[in-house]
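Containing mmCIF, C-alpha atoms and all ligand atoms: my_file_6.cif.
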```
data_structure
#
loop_
_atom_site.label_atom_id
_atom_site.label_comp_id
_atom_site.auth_asym_id
_atom_site.auth_seq_id
_atom_site.Cartn_x
_atom_site.Cartn_y
_atom_site.Cartn_z
CA MET A 1 -7.53 -35.15 17.75
CA THR A 2 -4.90 -32.45 18.04
CA ILE A 3 -6.08 -28.94 18.79
CA PRO A 4 -3.62 -26.23 17.83
CA PHE A 5 -3.07 -23.24 20.10
CA PHE A 6 -3.54 -21.05 17.03
CA ASP A 7 -4.11 -21.77 13.34
CA ILE A 8 -4.46 -18.84 10.93
CA SER A 9 -4.57 -21.11 7.86
CA ARG A 10 -8.20 -22.03 8.68
CA GLN A 11 -9.14 -18.36 8.36
CA HIS A 12 -7.26 -17.94 5.11
CA ALA A 13 -8.84 -21.06 3.60
CA GLN A 14 -12.24 -19.28 3.79
CA ILE A 15 -11.04 -16.22 1.87
CA GLU A 16 -8.26 -17.69 -0.22
CA ASN A 17 -9.65 -16.57 -3.57
CA GLN A 18 -10.00 -12.94 -2.46
CA LEU A 19 -6.49 -12.98 -1.00
CA ILE A 20 -5.05 -14.29 -4.25
CA GLU A 21 -7.00 -11.75 -6.25
CA ALA A 22 -5.76 -8.89 -4.04
CA ALA A 23 -2.16 -10.11 -4.34
CA SER A 24 -2.49 -10.34 -8.13
CA ARG A 25 -3.85 -6.79 -8.25
CA VAL A 26 -0.73 -5.52 -6.47
CA ILE A 27 1.61 -7.64 -8.58
CA ARG A 28 0.09 -6.23 -11.76
CA SER A 29 0.08 -2.63 -10.44
CA GLY A 30 3.88 -2.38 -10.30
CA ARG A 31 3.53 -0.21 -7.16
CA TYR A 32 4.82 -2.08 -4.11
CA ILE A 33 5.75 0.50 -1.47
CA LEU A 34 3.17 2.92 0.02
CA GLY A 35 0.89 4.35 -2.71
CA SER A 36 -2.87 4.15 -3.12
CA GLU A 37 -3.36 0.61 -1.72
CA VAL A 38 -1.73 1.74 1.51
CA GLU A 39 -3.67 5.03 1.61
CA GLN A 40 -6.95 3.15 1.09
CA PHE A 41 -6.14 0.82 3.94
CA GLU A 42 -5.31 3.78 6.20
CA GLN A 43 -8.70 5.29 5.41
CA ASP A 44 -10.45 1.94 6.02
CA CYS A 45 -8.76 1.81 9.44
CA VAL A 46 -9.80 5.37 10.31
CA LEU A 47 -13.43 4.44 9.56
CA PHE A 48 -13.16 1.19 11.51
CA LEU A 49 -11.81 3.09 14.53
CA GLY A 50 -14.60 5.66 14.44
CA GLY A 51 -13.17 8.54 12.39
CA GLY A 52 -11.54 11.86 13.30
CA LEU A 53 -8.05 10.43 13.13
CA HIS A 54 -4.84 10.34 11.14
CA ALA A 55 -3.60 6.82 10.45
CA LEU A 56 -0.23 5.69 9.12
CA ALA A 57 0.36 2.12 8.00
CA VAL A 58 3.80 1.05 9.15
CA SER A 59 6.13 -1.92 8.98
CA SER A 60 5.17 -3.51 12.34
CA GLY A 61 3.60 -2.88 15.72
CA THR A 62 7.09 -2.46 17.12
CA ASP A 63 7.91 0.21 14.54
CA SER A 64 4.68 2.07 15.29
CA LEU A 65 5.77 2.34 18.95
CA LEU A 66 9.22 3.48 17.90
CA LEU A 67 7.78 6.06 15.51
CA ALA A 68 5.45 7.41 18.23
CA LEU A 69 8.37 7.87 20.63
CA MET A 70 10.48 9.51 17.91
CA ALA A 71 7.66 11.87 16.89
CA LEU A 72 7.24 12.92 20.54
CA GLU A 73 11.02 13.58 20.67
CA ILE A 74 11.53 11.25 23.63
CA GLY A 75 15.19 10.36 24.05
CA PRO A 76 18.24 10.26 26.33
CA GLY A 77 17.55 11.48 29.87
CA ASP A 78 13.81 10.79 29.59
CA GLU A 79 11.89 8.12 31.45
CA VAL A 80 8.83 6.31 30.12
CA ILE A 81 6.58 4.25 32.39
CA VAL A 82 5.61 0.88 30.92
CA PRO A 83 4.06 -2.28 32.38
CA SER A 84 6.51 -5.03 33.29
CA PHE A 85 3.97 -7.69 32.32
CA THR A 86 3.72 -7.19 28.54
CA PHE A 87 5.43 -8.13 25.30
CA PHE A 88 9.06 -6.99 25.07
CA ALA A 89 8.53 -4.37 22.33
CA THR A 90 6.65 -2.00 24.66
CA ALA A 91 9.82 -1.42 26.67
CA GLY A 92 12.41 -2.30 24.03
CA CYS A 93 11.38 0.70 21.90
CA VAL A 94 11.86 3.06 24.85
CA SER A 95 15.48 1.88 25.16
CA ARG A 96 15.99 2.07 21.40
CA VAL A 97 15.32 5.84 21.40
CA GLY A 98 17.84 6.21 24.25
CA ALA A 99 15.24 6.76 26.99
CA THR A 100 14.82 4.66 30.14
CA PRO A 101 11.88 2.28 30.60
CA VAL A 102 10.50 2.43 34.15
CA PHE A 103 8.50 -0.67 34.96
CA ALA A 104 5.15 -0.48 36.75
CA ASP A 105 3.00 -3.25 38.17
CA SER A 106 -0.26 -4.65 36.80
CA CYS A 107 -3.82 -5.20 37.96
CA PRO A 108 -4.30 -8.90 38.82
CA ILE A 109 -7.83 -8.96 37.36
CA SER A 110 -7.29 -7.38 33.95
CA PHE A 111 -3.48 -7.87 33.74
CA ASN A 112 -3.27 -4.19 32.73
CA LEU A 113 -1.16 -1.32 34.05
CA ASP A 114 -2.10 -0.33 37.62
CA PRO A 115 -2.60 3.48 37.57
CA ALA A 116 -1.86 3.81 41.31
CA ASP A 117 1.48 2.08 40.83
CA VAL A 118 2.27 4.35 37.85
CA VAL A 119 1.95 7.41 40.12
CA ARG A 120 4.45 5.89 42.57
CA ARG A 121 7.06 5.66 39.80
CA ILE A 122 6.82 9.16 38.32
CA SER A 123 10.00 11.25 38.62
CA LYS A 124 10.99 14.64 37.25
CA ARG A 125 12.44 12.87 34.22
CA THR A 126 9.19 11.05 33.33
CA LYS A 127 7.94 12.09 29.87
CA ALA A 128 5.33 9.50 28.92
CA ILE A 129 3.27 6.48 29.92
CA ILE A 130 2.66 3.50 27.62
CA PRO A 131 -0.46 1.62 28.77
CA VAL A 132 -0.91 -1.71 26.99
CA HIS A 133 -4.40 -3.05 26.28
CA LEU A 134 -3.23 -6.53 27.10
CA PHE A 135 -4.88 -9.65 25.65
CA GLY A 136 -7.58 -7.48 24.00
CA GLN A 137 -9.02 -5.58 26.98
CA ALA A 138 -8.65 -1.83 27.54
CA ALA A 139 -6.47 -0.54 30.35
CA ASP A 140 -7.94 1.93 32.90
CA MET A 141 -7.75 4.85 30.49
CA ASP A 142 -9.65 7.47 32.54
CA GLU A 143 -7.28 7.00 35.44
CA ILE A 144 -4.18 6.87 33.22
CA MET A 145 -5.18 9.98 31.25
CA ALA A 146 -5.86 11.82 34.54
CA VAL A 147 -2.42 10.90 35.89
CA ALA A 148 -0.85 12.01 32.61
CA LYS A 149 -2.69 15.33 32.69
CA ASP A 150 -1.73 16.01 36.33
CA HIS A 151 1.95 15.44 35.59
CA GLY A 152 2.13 16.79 32.03
CA LEU A 153 2.95 13.40 30.49
CA LYS A 154 2.31 12.03 26.99
CA VAL A 155 0.35 8.81 26.53
CA ILE A 156 1.13 6.23 23.84
CA GLU A 157 -1.43 3.42 23.86
CA ASP A 158 0.07 0.09 22.89
CA ALA A 159 -3.06 -1.41 21.33
CA ALA A 160 -1.13 -4.14 19.47
CA GLN A 161 -3.51 -6.79 20.84
CA ALA A 162 -6.67 -4.67 20.86
CA PHE A 163 -7.55 -3.40 17.36
CA GLY A 164 -11.35 -3.11 17.66
CA ALA A 165 -11.62 -3.12 21.47
CA THR A 166 -13.37 -0.14 23.03
CA TYR A 167 -13.24 1.88 26.24
CA LYS A 168 -16.46 3.76 27.08
CA GLY A 169 -17.51 3.39 23.46
CA GLN A 170 -14.28 4.75 21.96
CA ALA A 171 -11.79 2.57 20.11
CA VAL A 172 -8.69 1.96 22.19
CA GLY A 173 -5.65 3.60 20.64
CA THR A 174 -7.65 6.80 19.95
CA LEU A 175 -7.60 8.16 23.51
CA GLY A 176 -3.94 9.05 24.06
CA ASP A 177 -1.48 11.15 22.04
CA PHE A 178 -0.71 8.14 19.86
CA GLY A 179 -2.18 4.67 19.44
CA THR A 180 -0.16 1.80 18.03
CA TYR A 181 -1.45 -1.47 16.58
CA SER A 182 0.14 -4.66 15.30
CA PHE A 183 -1.08 -6.88 12.48
CA TYR A 184 1.36 -9.67 13.30
CA PRO A 185 -0.36 -12.92 12.24
CA THR A 186 -1.41 -13.90 15.80
CA LYS A 187 -3.20 -10.58 16.43
CA ASN A 188 -6.97 -10.30 15.89
CA LEU A 189 -6.37 -8.74 12.47
CA GLY A 190 -3.38 -10.69 11.25
CA ALA A 191 -1.39 -9.89 8.11
CA LEU A 192 0.47 -12.52 6.10
CA GLY A 193 3.70 -11.13 7.45
CA ASP A 194 4.63 -8.09 9.53
CA ALA A 195 2.49 -4.96 9.58
CA GLY A 196 1.36 -2.23 11.96
CA LEU A 197 -0.55 1.02 12.28
CA LEU A 198 0.00 4.31 14.07
CA VAL A 199 -2.88 6.71 14.80
CA THR A 200 -3.19 10.16 16.31
CA LYS A 201 -5.80 12.91 16.46
CA THR A 202 -3.14 15.62 16.30
CA SER A 203 -2.31 16.69 12.75
CA ASP A 204 1.15 18.07 13.63
CA LEU A 205 2.15 14.77 15.22
CA ALA A 206 0.71 12.84 12.27
CA ARG A 207 2.70 14.96 9.83
CA ARG A 208 5.90 14.51 11.81
CA ALA A 209 5.41 10.74 12.04
CA GLU A 210 4.67 10.58 8.32
CA ILE A 211 7.98 12.26 7.53
CA LEU A 212 9.85 10.09 10.05
CA ARG A 213 8.37 7.00 8.34
CA VAL A 214 10.48 7.81 5.27
CA HIS A 215 13.85 8.74 6.80
CA GLY A 216 12.69 12.17 7.98
CA MET A 217 12.71 13.19 4.32
CA GLU A 218 10.63 16.14 3.07
CA PRO A 219 10.83 17.11 0.25
CA LYS A 220 12.72 14.39 -1.57
CA TYR A 221 16.38 14.13 -0.46
CA HIS A 222 15.96 16.90 2.09
CA HIS A 223 16.11 15.43 5.59
CA GLN A 224 14.36 17.39 8.35
CA PHE A 225 14.87 14.83 11.09
CA ILE A 226 16.59 11.48 11.45
CA GLY A 227 13.85 8.98 10.69
CA GLY A 228 13.92 5.46 9.36
CA ASN A 229 12.29 3.07 6.97
CA PHE A 230 8.99 2.28 8.65
CA ARG A 231 6.97 1.79 5.45
CA LEU A 232 4.40 -0.92 4.89
CA ASP A 233 4.22 -2.90 1.65
CA ALA A 234 1.26 -2.48 -0.66
CA LEU A 235 0.98 -6.29 -0.76
CA GLN A 236 0.30 -6.54 2.98
CA THR A 237 -2.26 -3.73 2.93
CA ALA A 238 -4.09 -5.31 -0.02
CA LEU A 239 -4.33 -8.58 1.95
CA LEU A 240 -5.37 -6.73 5.12
CA ARG A 241 -8.10 -4.91 3.18
CA VAL A 242 -9.60 -8.29 2.31
CA LYS A 243 -9.56 -9.26 5.98
CA LEU A 244 -10.65 -6.02 7.71
CA PRO A 245 -14.37 -6.31 6.74
CA HIS A 246 -14.47 -9.68 8.59
CA LEU A 247 -12.81 -8.43 11.75
CA SER A 248 -15.92 -7.48 13.75
CA GLU A 249 -17.43 -10.89 13.08
CA TRP A 250 -14.16 -12.64 14.01
CA ASN A 251 -13.93 -10.58 17.22
CA LEU A 252 -17.50 -11.61 18.10
CA LYS A 253 -16.58 -15.25 17.58
CA ARG A 254 -13.71 -14.84 20.02
CA CYS A 255 -16.18 -13.31 22.52
CA GLU A 256 -18.51 -16.30 22.13
CA LYS A 257 -15.63 -18.67 22.81
CA ALA A 258 -14.56 -16.68 25.86
CA ARG A 259 -18.13 -16.89 27.17
CA ILE A 260 -18.15 -20.66 26.65
CA TYR A 261 -14.86 -21.02 28.55
CA ILE A 262 -16.10 -18.81 31.41
CA ASP A 263 -19.42 -20.66 31.75
CA ALA A 264 -17.91 -24.11 31.44
CA LEU A 265 -14.86 -23.49 33.60
CA SER A 266 -16.54 -21.52 36.39
CA PRO A 267 -17.48 -24.72 38.28
CA VAL A 268 -13.85 -25.82 38.26
CA ALA A 269 -12.54 -22.31 38.56
CA ASP A 270 -12.31 -22.36 42.26
CA LEU A 271 -8.88 -23.30 41.19
CA PRO A 272 -5.94 -23.41 43.48
CA THR A 273 -4.49 -19.93 43.31
CA ASN A 274 -2.11 -18.26 45.69
CA ILE A 275 -2.47 -14.77 44.31
CA ASP A 276 -4.41 -13.79 47.43
CA SER A 277 -1.23 -14.04 49.41
CA VAL A 278 0.51 -11.79 46.92
CA VAL A 279 -2.01 -9.02 46.40
CA GLY A 280 -4.34 -9.30 49.35
CA ARG A 281 -7.42 -11.42 49.87
CA GLY A 282 -10.36 -10.82 47.59
CA ALA A 283 -8.42 -9.09 44.85
CA LEU A 284 -9.54 -11.77 42.46
CA GLY A 285 -13.11 -11.97 43.69
CA GLY A 286 -12.83 -15.19 45.63
CA GLY A 287 -9.71 -16.54 44.00
CA SER A 288 -11.18 -17.38 40.60
CA CYS A 289 -8.51 -18.00 38.06
CA LEU A 290 -10.58 -17.02 35.05
CA PRO A 291 -9.72 -13.75 33.32
CA GLY A 292 -11.60 -10.75 34.72
CA ILE A 293 -13.82 -8.60 32.54
CA LEU A 294 -13.98 -5.00 33.70
CA PRO A 295 -16.94 -2.65 33.14
CA ASP A 296 -17.09 0.16 30.54
CA ARG A 297 -15.09 -1.71 27.93
CA SER A 298 -15.39 -4.38 25.26
CA HIS A 299 -12.89 -7.22 25.26
CA ILE A 300 -11.77 -8.73 21.96
CA TRP A 301 -9.97 -11.72 23.48
CA ASN A 302 -6.68 -11.82 21.66
CA GLN A 303 -5.78 -14.27 24.42
CA PHE A 304 -7.83 -16.21 26.94
CA THR A 305 -5.49 -16.39 29.89
CA ILE A 306 -6.14 -18.26 33.10
CA GLN A 307 -4.11 -18.20 36.28
CA VAL A 308 -2.96 -21.53 37.60
CA GLY A 309 -1.79 -21.00 41.16
CA CYS A 310 0.33 -23.28 43.33
CA ALA A 311 3.91 -24.16 42.53
CA GLY A 312 4.30 -26.50 39.59
CA ALA A 313 0.58 -26.65 38.73
CA ARG A 314 0.94 -24.64 35.55
CA THR A 315 3.58 -26.97 34.15
CA ARG A 316 1.52 -30.02 35.12
CA LEU A 317 -1.66 -28.63 33.52
CA ARG A 318 0.22 -27.61 30.41
CA GLU A 319 1.84 -31.04 30.07
CA TYR A 320 -1.47 -32.78 30.71
CA LEU A 321 -3.18 -30.74 27.96
CA ALA A 322 -0.26 -31.42 25.62
CA SER A 323 -0.66 -35.15 26.30
CA GLN A 324 -4.29 -34.74 25.14
CA GLY A 325 -3.07 -33.00 21.96
CA ILE A 326 -4.11 -29.53 23.14
CA GLY A 327 -1.79 -26.61 22.48
CA THR A 328 -1.34 -23.82 25.05
CA ASP A 329 1.15 -21.00 25.45
CA ILE A 330 2.56 -18.74 28.13
CA TYR A 331 2.24 -14.98 27.65
CA TYR A 332 4.61 -14.00 29.32
CA PRO A 333 6.94 -16.19 31.33
CA ILE A 334 9.42 -13.50 32.43
CA PRO A 335 8.42 -10.00 33.57
CA LEU A 336 10.40 -7.35 31.70
CA HIS A 337 12.13 -5.99 34.82
CA ARG A 338 13.79 -9.44 35.09
CA GLN A 339 15.10 -9.52 31.51
CA ALA A 340 18.88 -9.70 31.07
CA CYS A 341 18.90 -6.78 28.63
CA PHE A 342 17.43 -4.49 31.33
CA ALA A 343 19.74 -5.64 34.14
CA HIS A 344 21.72 -2.38 33.91
CA LEU A 345 18.65 -0.25 34.68
CA PRO A 346 18.17 1.28 38.14
CA VAL A 347 16.47 -1.08 40.62
CA PRO A 348 12.70 -0.39 40.61
CA VAL A 349 11.64 1.97 43.44
CA ALA A 350 9.07 -0.60 44.60
CA PRO A 351 8.65 -4.33 43.95
CA LEU A 352 6.34 -5.65 41.21
CA PRO A 353 4.55 -8.56 42.93
CA VAL A 354 1.65 -8.89 40.48
CA ALA A 355 3.90 -8.96 37.41
CA GLU A 356 6.02 -11.63 39.10
CA TYR A 357 2.95 -13.63 40.08
CA LEU A 358 1.38 -13.46 36.63
CA ALA A 359 4.59 -14.46 34.86
CA ASN A 360 4.77 -17.56 37.05
CA ASN A 361 1.11 -18.54 36.87
CA VAL A 362 -0.62 -17.58 33.61
CA LEU A 363 -1.54 -20.00 30.87
CA SER A 364 -3.27 -19.07 27.61
CA LEU A 365 -5.81 -21.42 26.00
CA PRO A 366 -6.73 -21.65 22.29
CA ILE A 367 -9.28 -18.94 21.35
CA PHE A 368 -9.03 -18.17 17.62
CA PRO A 369 -12.36 -17.59 15.74
CA GLU A 370 -12.19 -20.85 13.80
CA LEU A 371 -11.78 -23.05 16.89
CA THR A 372 -14.71 -25.49 16.62
CA LYS A 373 -17.32 -26.26 19.28
CA VAL A 374 -16.14 -29.85 19.41
CA GLU A 375 -12.56 -28.75 19.93
CA GLN A 376 -13.52 -26.32 22.65
CA SER A 377 -15.59 -28.95 24.49
CA ARG A 378 -12.56 -31.22 24.44
CA ILE A 379 -10.40 -28.48 25.96
CA VAL A 380 -12.94 -27.79 28.72
CA GLU A 381 -13.28 -31.53 29.42
CA ALA A 382 -9.53 -31.99 29.60
CA ILE A 383 -9.13 -29.10 32.08
CA SER A 384 -11.99 -30.44 34.22
CA ASP A 385 -10.43 -33.91 34.16
CA PHE A 386 -7.12 -32.49 35.25
CA TYR A 387 -8.70 -30.88 38.31
CA ARG A 388 -10.71 -34.03 39.12
CA GLN A 389 -7.53 -36.05 39.37
CA PRO A 390 -6.45 -36.76 42.93
C1 LIG A 401 2.69 -7.91 19.14
C2 LIG A 401 2.98 -6.82 20.09
C3 LIG A 401 3.84 -5.77 19.79
C4 LIG A 401 4.72 -5.74 18.57
O1 LIG A 401 4.08 -5.89 17.37
P1 LIG A 401 4.89 -6.48 16.10
O2 LIG A 401 3.95 -6.23 14.97
O3 LIG A 401 5.13 -7.92 16.36
O4 LIG A 401 6.15 -5.72 15.97
C5 LIG A 401 3.97 -4.72 20.69
N1 LIG A 401 3.29 -4.72 21.86
C6 LIG A 401 2.47 -5.72 22.20
C7 LIG A 401 1.75 -5.65 23.49
C8 LIG A 401 2.29 -6.81 21.34
O5 LIG A 401 1.49 -7.81 21.70
#
```

Could you render the structure from this file as structure tokens?
Amino acid sequence: MTIPFFDISRQHAQIENQLIEAASRVIRSGRYILGSEVEQFEQDCVLFLGGGLHALAVSSGTDSLLLALMALEIGPGDEVIVPSFTFFATAGCVSRVGATPVFADSCPISFNLDPADVVRRISKRTKAIIPVHLFGQAADMDEIMAVAKDHGLKVIEDAAQAFGATYKGQAVGTLGDFGTYSFYPTKNLGALGDAGLLVTKTSDLARRAEILRVHGMEPKYHHQFIGGNFRLDALQTALLRVKLPHLSEWNLKRCEKARIYIDALSPVADLPTNIDSVVGRGALGGGSCLPGILPDRSHIWNQFTIQVGCAGARTRLREYLASQGIGTDIYYPIPLHRQACFAHLPVPVAPLPVAEYLANNVLSLPIFPELTKVEQSRIVEAISDFYRQP
């Protein structure tokens, strides 16, 4: 039996007829860019996120970040604080608008931005913070919003992996100045291609972003600002509209699978980990390598990520699982402050030990909604076997 790390085709097999019907509807409509399909989807998303918002469907999660930075007029001379342990786009977009990404360290339990470390890295050039709700769990938003308020900073929530996750009952992405989401196929709501969403509560910002989405053009052929083409296809939104009504159920299925992993792996989870030496004893509650779930928030488990301490153990576990036909992946093997493209940036004012540790030690296990019970038992068994070996 081979168990894929991720397989979206199982999900699409269940709804194939509706997907084909939605695609046919768009093909017949003759309207392929923006238009009523896209507007309907934006309204569906506003409802899903709890209302009181402006939503813009855009070409990708990356482009939604870029659009947020552009709408906030962040550019050369400005600094934006981002986690080092995240997907590249969070920081890449900051550089693309000409601003400087300033990397901050992460919490070893939730993998999210450490608010205390953010404070340490604020300078007089800092304009914004981009917390990422990594792997589907909200960052410490109360603390981050308080820091932002104290220092007059904007907050863009990178909720690419957390569409449907909540913080104190509110959808993540709706708490800062902007929220950005990705519908890349591996995200909890995956398109059949690239797609993203930008939300804000502020109508002026929404209006500005809407104009920037179409080359800063308003009215036609009059350009107010320099924007770009950040439009989403009607075809993708029609397909996403078929999938959105299933999302809560799919997110619940991911939660069930996370629970099964936590229960089944806890006995073996006294796993060799050396994070204590990096961040201080007890930071992981006794050295458990299972992902931490923090209070006041719901986790939607875009990834189930364990920490495999001790030099070489991650590679050995990964190879062992591969030999049993089990797919795994590493999100993310290199912290962003170590990426070649950022080598020209000023040296960070303080080291980033947690980001370094996580990049060297994390391993993500299969957790998509259609993963079967039998498959998951096999994964748990294989991990237990690995740790039983002498
Ligand atoms: C996926 C992702 C993005 C980018 O989204 P795309 O739709 O792939 O452009 C940005 N930030 C994070 C944290 C992501 O996981």

Hey, which residues come within 10 Å of ligand LIG 401 (chain A) if we count all atoms listed in the file? Could you give them as a ChimeraX atom specification? /A:58-66,83,85-93,131-136,157-162,180-187,190-191,193-197,302,331

Selected residues written out, C-alpha atoms, as a PDB file, keeping the file's coordinate frame:
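Output contents, as saved in again22.pdb:
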```
ATOM      1  CA  VAL A  58       3.800   1.050   9.150  1.00  0.00           C
ATOM      2  CA  SER A  59       6.130  -1.920   8.980  1.00  0.00           C
ATOM      3  CA  SER A  60       5.170  -3.510  12.340  1.00  0.00           C
ATOM      4  CA  GLY A  61       3.600  -2.880  15.720  1.00  0.00           C
ATOM      5  CA  THR A  62       7.090  -2.460  17.120  1.00  0.00           C
ATOM      6  CA  ASP A  63       7.910   0.210  14.540  1.00  0.00           C
ATOM      7  CA  SER A  64       4.680   2.070  15.290  1.00  0.00           C
ATOM      8  CA  LEU A  65       5.770   2.340  18.950  1.00  0.00           C
ATOM      9  CA  LEU A  66       9.220   3.480  17.900  1.00  0.00           C
ATOM     10  CA  PRO A  83       4.060  -2.280  32.380  1.00  0.00           C
ATOM     11  CA  PHE A  85       3.970  -7.690  32.320  1.00  0.00           C
ATOM     12  CA  THR A  86       3.720  -7.190  28.540  1.00  0.00           C
ATOM     13  CA  PHE A  87       5.430  -8.130  25.300  1.00  0.00           C
ATOM     14  CA  PHE A  88       9.060  -6.990  25.070  1.00  0.00           C
ATOM     15  CA  ALA A  89       8.530  -4.370  22.330  1.00  0.00           C
ATOM     16  CA  THR A  90       6.650  -2.000  24.660  1.00  0.00           C
ATOM     17  CA  ALA A  91       9.820  -1.420  26.670  1.00  0.00           C
ATOM     18  CA  GLY A  92      12.410  -2.300  24.030  1.00  0.00           C
ATOM     19  CA  CYS A  93      11.380   0.700  21.900  1.00  0.00           C
ATOM     20  CA  PRO A 131      -0.460   1.620  28.770  1.00  0.00           C
ATOM     21  CA  VAL A 132      -0.910  -1.710  26.990  1.00  0.00           C
ATOM     22  CA  HIS A 133      -4.400  -3.050  26.280  1.00  0.00           C
ATOM     23  CA  LEU A 134      -3.230  -6.530  27.100  1.00  0.00           C
ATOM     24  CA  PHE A 135      -4.880  -9.650  25.650  1.00  0.00           C
ATOM     25  CA  GLY A 136      -7.580  -7.480  24.000  1.00  0.00           C
ATOM     26  CA  GLU A 157      -1.430   3.420  23.860  1.00  0.00           C
ATOM     27  CA  ASP A 158       0.070   0.090  22.890  1.00  0.00           C
ATOM     28  CA  ALA A 159      -3.060  -1.410  21.330  1.00  0.00           C
ATOM     29  CA  ALA A 160      -1.130  -4.140  19.470  1.00  0.00           C
ATOM     30  CA  GLN A 161      -3.510  -6.790  20.840  1.00  0.00           C
ATOM     31  CA  ALA A 162      -6.670  -4.670  20.860  1.00  0.00           C
ATOM     32  CA  THR A 180      -0.160   1.800  18.030  1.00  0.00           C
ATOM     33  CA  TYR A 181      -1.450  -1.470  16.580  1.00  0.00           C
ATOM     34  CA  SER A 182       0.140  -4.660  15.300  1.00  0.00           C
ATOM     35  CA  PHE A 183      -1.080  -6.880  12.480  1.00  0.00           C
ATOM     36  CA  TYR A 184       1.360  -9.670  13.300  1.00  0.00           C
ATOM     37  CA  PRO A 185      -0.360 -12.920  12.240  1.00  0.00           C
ATOM     38  CA  THR A 186      -1.410 -13.900  15.800  1.00  0.00           C
ATOM     39  CA  LYS A 187      -3.200 -10.580  16.430  1.00  0.00           C
ATOM     40  CA  GLY A 190      -3.380 -10.690  11.250  1.00  0.00           C
ATOM     41  CA  ALA A 191      -1.390  -9.890   8.110  1.00  0.00           C
ATOM     42  CA  GLY A 193       3.700 -11.130   7.450  1.00  0.00           C
ATOM     43  CA  ASP A 194       4.630  -8.090   9.530  1.00  0.00           C
ATOM     44  CA  ALA A 195       2.490  -4.960   9.580  1.00  0.00           C
ATOM     45  CA  GLY A 196       1.360  -2.230  11.960  1.00  0.00           C
ATOM     46  CA  LEU A 197      -0.550   1.020  12.280  1.00  0.00           C
ATOM     47  CA  ASN A 302      -6.680 -11.820  21.660  1.00  0.00           C
ATOM     48  CA  TYR A 331       2.240 -14.980  27.650  1.00  0.00           C
TER      49      TYR A 331
END
```

Using only C-alpha atoms, which residue out of A:Asp142, A:Glu319, A:Asp263, A:Glu356 lies closest to Val380 (chain A)? A:Asp263

For Ile306 (chain A), which of A:Pro108, A:Pro351, A:Pro115, A:Gly327 is the closest residue, counting only C-alpha atoms?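 The closest residue to Ile306 (chain A) is A:Pro108.
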
Do you have the CA of Pro366 (chain A)-CA of Ala264 (chain A) distance handy?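 CA of Ala264 (chain A) lies 14.7 Å from CA of Pro366 (chain A).
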
Identify which of the residues A:Gly173, A:Pro291, A:Gly51, A:Pro219 lies closest to Ser266 (chain A), counting only C-alpha atoms when measuring atom-to-atom distances. A:Pro291

I need the residue nearest Pro101 (chain A) from this list: A:Val82, A:Cys289, A:Phe230, A:His299. Use only C-alpha atoms for the distance.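 So, comparing all the options, the nearest one is A:Val82.
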
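One distance worth recording is that between CA of Pro348 (chain A) and CA of Asp105 (chain A), which is 10.4 Å.
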
If I wrap all listed atoms of region 359-362 of chain A in a box with edges along x, y and z and add 8 Å on each side, what are its centre and edge lengths in Å to one decimal, as AutoDock Vina command-line options?
```
--center_x 2.1 --center_y -16.5 --center_z 35.3 --size_x 21.4 --size_y 20.1 --size_z 19.4
```

For Pro4 (chain A), please output as number ranges by chain all residues within 8 Å (counting only C-alpha atoms; exclusion window: fewer than 2 positions along the same chain). A: 2, 6-7, 325-328, 366

Output the selection as a PDB file, in the frame of the given file - C-alpha atoms for each residue.
```
ATOM      1  CA  THR A   2      -4.900 -32.450  18.040  1.00  0.00           C
ATOM      2  CA  PHE A   6      -3.540 -21.050  17.030  1.00  0.00           C
ATOM      3  CA  ASP A   7      -4.110 -21.770  13.340  1.00  0.00           C
ATOM      4  CA  GLY A 325      -3.070 -33.000  21.960  1.00  0.00           C
ATOM      5  CA  ILE A 326      -4.110 -29.530  23.140  1.00  0.00           C
ATOM      6  CA  GLY A 327      -1.790 -26.610  22.480  1.00  0.00           C
ATOM      7  CA  THR A 328      -1.340 -23.820  25.050  1.00  0.00           C
ATOM      8  CA  PRO A 366      -6.730 -21.650  22.290  1.00  0.00           C
TER       9      PRO A 366
END
```

Closest of A:Leu239, A:Lys373, A:Thr305, A:Gly179 to Ile20 (chain A), counting only C-alpha atoms, is A:Leu239

Nearest to Glu37 (chain A) by atom-to-atom distance, counting all atoms listed in the file, from A:Asp117, A:Asp329, A:Asp233, A:Glu16: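 Looking at the shortest contact to Glu37 (chain A), the residue is A:Asp233.
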
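Picture a line from CA of Ile27 (chain A) to CA of Leu235 (chain A); it runs 8.0 Å.
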
Enumerate, as a PyMOL selection string, the protein, DNA and RNA residues whose atoms approach (1.5, 9.1, 41.4) to within 12 Å, taking into account only C-alpha atoms and the coordinate frame of the file. chain A and resi 81+104+114-124+126+129+143-144+146-151+153

Ref. answer, residues at most 8 Å from (-16.0, -11.7, 26.0) with all atoms listed in the file, as an MDAnalysis selection string: chainID A and resid 254:259 293 298:301

I want to know what sits within 12 Å of Asp385 (chain A), based on only C-alpha atoms, with residues of the same chain fewer than 5 positions away left out; could you give that as a ChimeraX atom specification? /A:265,268,317,320-321,324,378-380,390
